[in-house]
There are 2 protein chains.
Amino acid sequence: MRAQKAFAFVEVRRVSNNAQSRVWRKLTHTPATWKTQLNDGSCLSGIQAVVSSDTAGFADVSSGHVGTGCSVVLVGHLVASPGGKQGAIEVAATSVRVLGACDQETYPLQKKRHTLEFLRTIAHLRPRTNTIGAVTRVRNCLAYATHSFFQSHGFVHVHTPIITASDCEGAGEQFGVTTLFGDGSRPVALPGGGGGASSSAASAGALAELTQQVAAQGEAVRSAKAAKSADVQQQVDALLALKAKLAEVQEAASHNGEGSVALTPQGAVDFSRDFFGKPAFLTVSGQLNAEIFACALRDVYTFGPTFRAENSNTARHLAEFWMVEPELAFADLNDDMDCAEAYLKHCLHAVLSQCNEDLEFFERNTPGLRDRLAAIADPARPFARITYTQAVEHLRAAISAGQKFEFVPEWGRDLQSEHERFLCEVVHGGAPVIVHDYPKQCKAFYMRANPDGKTVAAMDVLVPRVGELMGGSQREERHDVLVQRLTEVGLDPEAYWWYLDLRRYGSVPHAGFGLGFERLVQYCTGLENIRDVIAHPRFPGSADF
Amino acid sequence: MRAQKAFAFVEVRRVSNNAQSRVWRKLTHTPATWKTQLNDGSCLSGIQAVVSSDTAGFADVSSGHVGTGCSVVLVGHLVASPGGKQGAIEVAATSVRVLGACDQETYPLQKKRHTLEFLRTIAHLRPRTNTIGAVTRVRNCLAYATHSFFQSHGFVHVHTPIITASDCEGAGEQFGVTTLFGDGSRPVALPGGGGGASSSAASAGALAELTQQVAAQGEAVRSAKAAKSADVQQQVDALLALKAKLAEVQEAASHNGEGSVALTPQGAVDFSRDFFGKPAFLTVSGQLNAEIFACALRDVYTFGPTFRAENSNTARHLAEFWMVEPELAFADLNDDMDCAEAYLKHCLHAVLSQCNEDLEFFERNTPGLRDRLAAIADPARPFARITYTQAVEHLRAAISAGQKFEFVPEWGRDLQSEHERFLCEVVHGGAPVIVHDYPKQCKAFYMRANPDGKTVAAMDVLVPRVGELMGGSQREERHDVLVQRLTEVGLDPEAYWWYLDLRRYGSVPHAGFGLGFERLVQYCTGLENIRDVIAHPRFPGSADF
């Protein structure tokens, strides 16, 4: 029989020292024996508890109200488990009380094993499952490890803005942020009218006209009837058609204001009426803002949500995800690679030492998980570092030796995921590789131009099974080179006035990188779909909960 | 003479142990003596450095390139400062190199003292000032103290969603999130046409017609000229008028697609074409989502950005701000008050012990700042706790004794800021007060109904000079009571299906509170305008940088 679970507050009185320590436990309850497994969500496995007929509240739990999903308060003593393994302990319950019952007929998590796909549809209940509970603990561990790493190295945490009207991001596929719709879910009149109001004025005019026409046609029908004319049917049909049209316009008029939007006389959206007085967007990266603080306060980092309105319905993309973006002042690409490597090792060490049981659980579906993480975390095994040019040579040599790739690697083109994985898994024996100095056409405008005129001081940290986990660069700190580069890629230097100011006034060599936090959680849990490692995933068509 | 500052990387070779320790310092440089103040942004005060004519790079810095705002690399030895106070040390520079020059004529932070208002207009440079640098360090300290407090107490950090299509928030004044505008800063055709496309078709028609008219009028002018007709001037005027109109229409047409928006045939915004297939918004609180995790994993907390599209141009409001929202499982209002009090004391203790110099600096404008914070942080001085009813009695007694308020306190009405401050500053001698059990009409639907039928288990933490700093409640965990309450306040229980499910399946007594993080930073720095305690403040008309 599959164990039943209840979420419980358990007050355990330790026998050894008689001190009271409060722990909250999920209660797994087997009616036949009244032997139960307690678990409080702080870890995966539980502890056995025994509820006997002389336990206070026994009648309550034996009345059938206790089952999977319910919550109880349980008080007991910690005792050695008679039937258990050496050293096993259990709780002898002295009292038990049901706090929240749970209808066993309708509870969606009842009885059978559920797929991750199904669990996404009940995202409000899925944290109660082993898998999502473990993901949440691992994610928490990685988040705090992120803060403790940067804080212990003197980095200053900066909250860069989420809404931005800055033209700098340029990446396209940004979400717009607006108050022009009013509150789309409730009809709201726009202040000062605008397109919404004028379109409603237009429909009001149409409404009046149609009402008149219907009245006139009604008159025509009556006349035809009175005259017993042969065209009565024709007149009635015309009346019905007019009435249908009237109903349609009335329906439209009833939506007056709902989701209406202010337009200019030319029919464009009138952003001058919007909250910020111009188009505003959700940020795609905190980097450019972080650079402001790196150039004032030395090393900083951001850790916040970022957004891409990319229409991708894949297991690797989210419309809303969290990014870790450190920015190092007085730093070059080597400092950047050192930092990225130390940070990743720190995170994996934290998760290995603090979430071992959860990792063991994930290992059931991802064999070798802990060994792989431990190998990367090992301080005695520095990451290999090769140039992009060397990487392409390795790949082409592999092709000559018979290796097949879907895409032929060619200097000047982006490395594909298959190439990145091959470099880690085959060339470097299952270890991470940092590839640096990419062709400038593969990388963003702000990456520092190398003296060869062809490459930029960029780097990607590649890991086995996943490929790119982090990407970074030394930033172009030379004002003239940056202006030239902006122009080269078709961006308007005027829009980057403040970013250029950082180079105009006391420019500082600096570097940084970005880590998609969900990718890291995926890497540590082995979960294949990124939607399972964030509380409430956002993707095209989905923003529920 | 006002000290000049440069941002510098300084490699200091300690004389004592000959070890090299790298610190980055702002260089304050006085040309006359070449005695300089070094500072690296990690703290407010600097350390003196001496650059002499035998320092390598002396020519570089004496050529006039070094001044306020520039960045340099300086290498030197730590030595006792001859002219300084007992124990003072300075850096004897052995080499100096300019990394980034700074045009002394145009640098906005040059020379004179600037107002905070002015600094907001150069938000990309203001972190280089003493005030904003100190704010950033204090904010960082409070952010990490938040994480360390909750982590050390076993809370799990949860990233609740930023974008939500959930109807639950209900608070109104939410920002809409959309891809219907395309990318407003760049003309983008909407897939499948829609209102935008048809309005651009209309202007294309107008354009063609006008172009024809201009051509015809040009012909008329030529004919009149050829005929030496007297009405040439009249024809030319008509031509010029047409050309002006053409330019206007061309301008509008060039915006073709920019900010166009998909409309339904009835002229409403067509959200079925939007990214999420329905109206989506920026979150106003992570609480409801945090409750999901509290009911699965026990205590959790969120720390993320929240948004209000409130049209307030005040020193106390931001459109984008960060909230700390813990949620405690198996907890009642007393547990909630205990947690809020312990958390606040922990944060203030952290900032007092780690940012003393910055607080000393802020104290120049806010006398008594550190004493006030220390009094609140003192573990031996628990916060006073009174009921709302007692608070109203206190206030009315004060009025009888001659106290004047702008608003007369009356049971059932919200306490005003003047009342909250009076309770702390006068009734409780400058100490924080927690007021609890408010009338239900003052508070949100999810707060737990008390047995008296009139009040709810809500609490506000009030502090001197500010009033409310935190607000929280025990949540209504009883399914039937919550449904009744939703109906009572005019909300549709259907929209809250998942929130109600938490009560339907193993409901757990739980409680939580929210802290506006910028309010806390303001409280610790004494800064009066909330726009000065966040990197890039967002408010009506402002989303720059």
# chains A, B, ... in the order shown; residues from 1 in each chain; ligands from 1
call {"tool": "interface_residues", "arguments": {"of": "chain A", "to": "chain B", "cutoff": "6 Å", "atoms": "only C-alpha atoms", "output": "VMD selection string"}}
result
chain A and resid 41 69 to 71 100 to 102 124 127 to 128 140 156 to 157 164 to 166 175 to 179 184 252 259 to 260 266 to 269 275 to 277 279 292 296 to 297 505 to 507 540 to 545
call {"tool": "residues_around", "arguments": {"residues": "A:Ala93", "least_positions_apart": "6", "cutoff": "6 Å", "atoms": "only C-alpha atoms", "output": "list in words"}}
result
Val50, Val51, Val75 and Gly76 of chain A
call {"tool": "residues_around", "arguments": {"residues": "stretch 397-408 of chain B", "least_positions_apart": "4", "cutoff": "8 Å", "atoms": "only C-alpha atoms", "output": "MDAnalysis selection string"}}
result
chainID B and resid 393 416 418:419
call {"tool": "residues_around", "arguments": {"residues": "A:Asp237", "least_positions_apart": "3", "cutoff": "12 Å", "atoms": "only C-alpha atoms", "output": "list of chain:residue names"}}
result
A:Val214, A:Gln217, A:Gly218, A:Ala220, A:Val221, A:Asp231, A:Val232, A:Gln233, A:Gln234, A:Leu240, A:Ala241, A:Leu242, A:Lys243, A:Ala244
call {"tool": "residues_around", "arguments": {"residues": "stretch 492-494 of chain B", "least_positions_apart": "5", "cutoff": "9 Å", "atoms": "only C-alpha atoms", "output": "VMD selection string"}}
result
chain B and resid 482 to 484 486 to 487 500
call {"tool": "closest_residue", "arguments": {"among": "A:Arg120, A:Arg381, A:Arg519, A:Arg97", "to": "A:Arg316", "atoms": "only C-alpha atoms"}}
result
A:Arg519
call {"tool": "residues_around", "arguments": {"residues": "B:Ala80", "least_positions_apart": "6", "cutoff": "9 Å", "atoms": "only C-alpha atoms", "output": "ChimeraX atom specification"}}
result
/B:87-91
call {"tool": "residues_around", "arguments": {"residues": "A:Ile434", "least_positions_apart": "5", "cutoff": "7 Å", "atoms": "only C-alpha atoms", "output": "PyMOL selection string"}}
result
chain A and resi 383-386+459-462
call {"tool": "write_last_selection", "arguments": {"atoms": "all heavy atoms", "output": "compact mmCIF listing (two decimals), in the first residue's frame"}}
result
# COMPACT_ATOMS: atom_id res chain seq x y z
N PHE A 383 38.86 24.32 -14.07
CA PHE A 383 38.22 24.16 -15.37
C PHE A 383 39.27 24.36 -16.48
O PHE A 383 40.14 25.22 -16.36
CB PHE A 383 37.11 25.20 -15.58
CG PHE A 383 35.96 25.07 -14.61
CD1 PHE A 383 34.93 26.01 -14.64
CD2 PHE A 383 35.89 24.04 -13.68
CE1 PHE A 383 33.85 25.92 -13.76
CE2 PHE A 383 34.82 23.94 -12.79
CZ PHE A 383 33.81 24.89 -12.83
N ALA A 384 39.14 23.57 -17.53
CA ALA A 384 39.98 23.81 -18.71
C ALA A 384 39.59 25.15 -19.34
O ALA A 384 38.43 25.55 -19.28
CB ALA A 384 39.79 22.68 -19.71
N ARG A 385 40.56 25.84 -19.91
CA ARG A 385 40.28 27.11 -20.59
C ARG A 385 40.91 27.07 -21.97
O ARG A 385 42.12 26.90 -22.09
CB ARG A 385 40.84 28.29 -19.80
CG ARG A 385 40.19 28.42 -18.43
CD ARG A 385 40.69 29.63 -17.66
NE ARG A 385 40.13 29.59 -16.30
CZ ARG A 385 40.28 30.58 -15.41
NH1 ARG A 385 40.93 31.68 -15.74
NH2 ARG A 385 39.74 30.46 -14.21
N ILE A 386 40.09 27.19 -22.99
CA ILE A 386 40.62 27.19 -24.36
C ILE A 386 39.99 28.35 -25.13
O ILE A 386 38.91 28.81 -24.81
CB ILE A 386 40.31 25.87 -25.11
CG1 ILE A 386 38.78 25.63 -25.19
CG2 ILE A 386 40.98 24.68 -24.42
CD1 ILE A 386 38.39 24.47 -26.09
N MET A 459 33.59 35.07 -22.78
CA MET A 459 33.81 33.69 -22.34
C MET A 459 32.48 33.02 -22.02
O MET A 459 31.55 33.67 -21.59
CB MET A 459 34.74 33.64 -21.12
CG MET A 459 34.19 34.30 -19.87
SD MET A 459 33.44 33.08 -18.73
CE MET A 459 32.84 34.14 -17.42
N ASP A 460 32.42 31.72 -22.30
CA ASP A 460 31.26 30.91 -21.92
C ASP A 460 31.76 29.74 -21.08
O ASP A 460 32.76 29.12 -21.43
CB ASP A 460 30.55 30.34 -23.17
CG ASP A 460 29.69 31.39 -23.86
OD1 ASP A 460 29.50 32.49 -23.30
OD2 ASP A 460 29.23 31.11 -24.99
N VAL A 461 31.06 29.49 -19.98
CA VAL A 461 31.38 28.31 -19.18
C VAL A 461 30.48 27.17 -19.65
O VAL A 461 29.25 27.27 -19.56
CB VAL A 461 31.17 28.58 -17.67
CG1 VAL A 461 31.50 27.32 -16.86
CG2 VAL A 461 32.02 29.75 -17.20
N LEU A 462 31.10 26.13 -20.18
CA LEU A 462 30.35 24.98 -20.70
C LEU A 462 30.46 23.82 -19.73
O LEU A 462 31.52 23.57 -19.17
CB LEU A 462 30.93 24.54 -22.06
CG LEU A 462 31.25 25.64 -23.07
CD1 LEU A 462 31.81 25.03 -24.35
CD2 LEU A 462 29.99 26.46 -23.37
call {"tool": "select_by_dssp", "arguments": {"residues": "stretch 372-402 of chain A", "states": "strand (DSSP E or B)", "output": "short mmCIF file (atom, residue, chain, number, x, y, z; two decimals) with N, CA and C atoms, in the first residue's frame"}}
result
data_model
loop_
_atom_site.label_atom_id
_atom_site.label_comp_id
_atom_site.auth_asym_id
_atom_site.auth_seq_id
_atom_site.Cartn_x
_atom_site.Cartn_y
_atom_site.Cartn_z
N ALA A 384 39.14 23.57 -17.53
CA ALA A 384 39.98 23.81 -18.71
C ALA A 384 39.59 25.15 -19.34
N ARG A 385 40.56 25.84 -19.91
CA ARG A 385 40.28 27.11 -20.59
C ARG A 385 40.91 27.07 -21.97
N ILE A 386 40.09 27.19 -22.99
CA ILE A 386 40.62 27.19 -24.36
C ILE A 386 39.99 28.35 -25.13
N THR A 387 40.70 28.80 -26.16
CA THR A 387 40.13 29.86 -26.97
C THR A 387 39.08 29.26 -27.91
#
